[in-house]
Amino acid sequence: MSDAPEITHPVLGAFRRARTELLDGEVLDHDWYSALIEVDGESVELTAASGSPEEVRAMLPRIAETVQALPALRRALSDAVVTGFSEGEPTAAELDDAASDLELQTIEAHPDGTVTVHLNDGCGEHIPEGSWPAVHLDRDGAVSEVTVEA
């Protein structure tokens, strides 16, 4: 069992140090904390990218801001993915399709105040299998970059 403290937030819940138990019983403690919340009926992982409890506590307000902004932010996230990977200007139909197909998976905060939102391509038509789009938000919550991660 990790001796890392559980860190709680009044809205987001309890963050615990991420751990992986290997088949041989060995346990690996990772350098991030995570929690699960429900957003619109789906489970979303919240991650604070640090093993330092002090840094994690400092990131929780930024995660809470991002979660609170999701009603307006979701469309901006999917539009950014489509726009970032389209050849030419995407059509309204393409933007609408992606908005319904790209599912929120993880919100990851970083010590520098930036946030990465990982999405899942629910229909498999937008991003190659085994990969997922990630929308990077700057300290002000504006899209700064879109990447595909594997």
# chains A, B, ... in the order shown; residues from 1 in each chain; ligands from 1
$ select_by_dssp --residues "chain A" --states "strand (DSSP E)" --output "PyMOL selection string"
chain A and resi 7-9+13-21+27-39+42-48+102-109+115-121+132-137+143-149
$ residues_around --residues "range 95-108 of chain A" --least-positions-apart "2" --cutoff "10 Å" --atoms "only C-alpha atoms" --output "PyMOL selection string"
chain A and resi 32-36+39-40+42-49+59+62-64+66-67+70+74-83+90-93+110+114-127+132-136
$ atom_distance --atom1 "CA of Asp112 in chain A" --atom2 "CA of Arg139 in chain A"
7.9 Å
$ atom_distance --atom1 "CA of Leu12 in chain A" --atom2 "CA of Ser144 in chain A"
24.8 Å
$ select_by_dssp --residues "range 38-91 of chain A" --states "helix (DSSP H, G or I)" --output "PyMOL selection string"
chain A and resi 53-85
$ write_last_selection --atoms "N, CA and C atoms" --output "mmCIF file, in the first residue's frame"
data_model
loop_
_atom_site.group_PDB
_atom_site.id
_atom_site.type_symbol
_atom_site.label_atom_id
_atom_site.label_comp_id
_atom_site.auth_asym_id
_atom_site.auth_seq_id
_atom_site.Cartn_x
_atom_site.Cartn_y
_atom_site.Cartn_z
ATOM 1 N N PRO A 53 2.190 15.815 -3.256
ATOM 2 C CA PRO A 53 0.874 16.209 -2.745
ATOM 3 C C PRO A 53 0.651 17.731 -2.783
ATOM 4 N N GLU A 54 1.677 18.514 -2.537
ATOM 5 C CA GLU A 54 1.541 19.977 -2.564
ATOM 6 C C GLU A 54 1.221 20.466 -3.974
ATOM 7 N N GLU A 55 1.919 19.934 -4.971
ATOM 8 C CA GLU A 55 1.638 20.313 -6.359
ATOM 9 C C GLU A 55 0.240 19.870 -6.777
ATOM 10 N N VAL A 56 -0.154 18.685 -6.339
ATOM 11 C CA VAL A 56 -1.480 18.181 -6.673
ATOM 12 C C VAL A 56 -2.544 19.101 -6.088
ATOM 13 N N ARG A 57 -2.418 19.469 -4.834
ATOM 14 C CA ARG A 57 -3.389 20.383 -4.215
ATOM 15 C C ARG A 57 -3.484 21.688 -5.005
ATOM 16 N N ALA A 58 -2.366 22.178 -5.482
ATOM 17 C CA ALA A 58 -2.357 23.428 -6.250
ATOM 18 C C ALA A 58 -3.036 23.282 -7.611
ATOM 19 N N MET A 59 -3.068 22.071 -8.169
ATOM 20 C CA MET A 59 -3.685 21.836 -9.475
ATOM 21 C C MET A 59 -5.189 21.611 -9.404
ATOM 22 N N LEU A 60 -5.712 21.258 -8.255
ATOM 23 C CA LEU A 60 -7.126 20.903 -8.163
ATOM 24 C C LEU A 60 -8.068 22.046 -8.538
ATOM 25 N N PRO A 61 -7.807 23.295 -8.161
ATOM 26 C CA PRO A 61 -8.699 24.363 -8.628
ATOM 27 C C PRO A 61 -8.747 24.474 -10.154
ATOM 28 N N ARG A 62 -7.624 24.243 -10.817
ATOM 29 C CA ARG A 62 -7.595 24.315 -12.291
ATOM 30 C C ARG A 62 -8.416 23.185 -12.897
ATOM 31 N N ILE A 63 -8.341 22.000 -12.299
ATOM 32 C CA ILE A 63 -9.168 20.886 -12.774
ATOM 33 C C ILE A 63 -10.644 21.222 -12.563
ATOM 34 N N ALA A 64 -10.984 21.765 -11.399
ATOM 35 C CA ALA A 64 -12.373 22.123 -11.109
ATOM 36 C C ALA A 64 -12.887 23.171 -12.095
ATOM 37 N N GLU A 65 -12.056 24.150 -12.447
ATOM 38 C CA GLU A 65 -12.445 25.163 -13.437
ATOM 39 C C GLU A 65 -12.745 24.515 -14.779
ATOM 40 N N THR A 66 -11.918 23.568 -15.173
ATOM 41 C CA THR A 66 -12.110 22.894 -16.461
ATOM 42 C C THR A 66 -13.398 22.080 -16.449
ATOM 43 N N VAL A 67 -13.652 21.353 -15.369
ATOM 44 C CA VAL A 67 -14.882 20.570 -15.261
ATOM 45 C C VAL A 67 -16.096 21.504 -15.312
ATOM 46 N N GLN A 68 -16.027 22.613 -14.611
ATOM 47 C CA GLN A 68 -17.139 23.567 -14.595
ATOM 48 C C GLN A 68 -17.378 24.163 -15.988
ATOM 49 N N ALA A 69 -16.317 24.332 -16.761
ATOM 50 C CA ALA A 69 -16.428 24.926 -18.096
ATOM 51 C C ALA A 69 -16.872 23.929 -19.166
ATOM 52 N N LEU A 70 -16.976 22.649 -18.829
ATOM 53 C CA LEU A 70 -17.268 21.620 -19.832
ATOM 54 C C LEU A 70 -18.517 21.874 -20.672
ATOM 55 N N PRO A 71 -19.614 22.382 -20.124
ATOM 56 C CA PRO A 71 -20.778 22.593 -21.001
ATOM 57 C C PRO A 71 -20.448 23.460 -22.227
ATOM 58 N N ALA A 72 -19.645 24.494 -22.043
ATOM 59 C CA ALA A 72 -19.260 25.352 -23.167
ATOM 60 C C ALA A 72 -18.012 24.827 -23.877
ATOM 61 N N LEU A 73 -17.149 24.157 -23.150
ATOM 62 C CA LEU A 73 -15.850 23.732 -23.667
ATOM 63 C C LEU A 73 -15.933 22.509 -24.580
ATOM 64 N N ARG A 74 -16.881 21.635 -24.364
ATOM 65 C CA ARG A 74 -16.938 20.380 -25.127
ATOM 66 C C ARG A 74 -16.950 20.616 -26.633
ATOM 67 N N ARG A 75 -17.761 21.532 -27.105
ATOM 68 C CA ARG A 75 -17.825 21.780 -28.545
ATOM 69 C C ARG A 75 -16.511 22.369 -29.041
ATOM 70 N N ALA A 76 -15.914 23.259 -28.268
ATOM 71 C CA ALA A 76 -14.632 23.835 -28.662
ATOM 72 C C ALA A 76 -13.559 22.748 -28.772
ATOM 73 N N LEU A 77 -13.609 21.754 -27.887
ATOM 74 C CA LEU A 77 -12.644 20.655 -27.928
ATOM 75 C C LEU A 77 -12.802 19.838 -29.208
ATOM 76 N N SER A 78 -14.021 19.420 -29.509
ATOM 77 C CA SER A 78 -14.218 18.596 -30.706
ATOM 78 C C SER A 78 -13.953 19.398 -31.978
ATOM 79 N N ASP A 79 -14.361 20.671 -31.999
ATOM 80 C CA ASP A 79 -14.074 21.514 -33.163
ATOM 81 C C ASP A 79 -12.569 21.658 -33.370
ATOM 82 N N ALA A 80 -11.817 21.789 -32.281
ATOM 83 C CA ALA A 80 -10.363 21.924 -32.385
ATOM 84 C C ALA A 80 -9.734 20.674 -32.989
ATOM 85 N N VAL A 81 -10.236 19.506 -32.603
ATOM 86 C CA VAL A 81 -9.713 18.250 -33.156
ATOM 87 C C VAL A 81 -9.977 18.190 -34.653
ATOM 88 N N VAL A 82 -11.207 18.447 -35.059
ATOM 89 C CA VAL A 82 -11.558 18.361 -36.486
ATOM 90 C C VAL A 82 -10.783 19.403 -37.285
ATOM 91 N N THR A 83 -10.756 20.620 -36.798
ATOM 92 C CA THR A 83 -10.051 21.692 -37.499
ATOM 93 C C THR A 83 -8.557 21.396 -37.588
ATOM 94 N N GLY A 84 -7.993 20.864 -36.514
ATOM 95 C CA GLY A 84 -6.564 20.581 -36.476
ATOM 96 C C GLY A 84 -6.116 19.494 -37.439
ATOM 97 N N PHE A 85 -7.019 18.581 -37.780
ATOM 98 C CA PHE A 85 -6.629 17.458 -38.621
ATOM 99 C C PHE A 85 -7.352 17.412 -39.960
#
$ closest_residue --among "A:Pro111, A:Ser50, A:Leu22, A:Gly41" --to "Ala4 in chain A" --atoms "only C-alpha atoms"
A:Ser50
$ residues_around --residues "range 15-19 of chain A" --least-positions-apart "3" --cutoff "8 Å" --atoms "only C-alpha atoms" --output "PyMOL selection string"
chain A and resi 2+4-9+27-35+51
$ atom_distance --atom1 "CA of Gly113 in chain A" --atom2 "CA of Asp138 in chain A"
7.3 Å
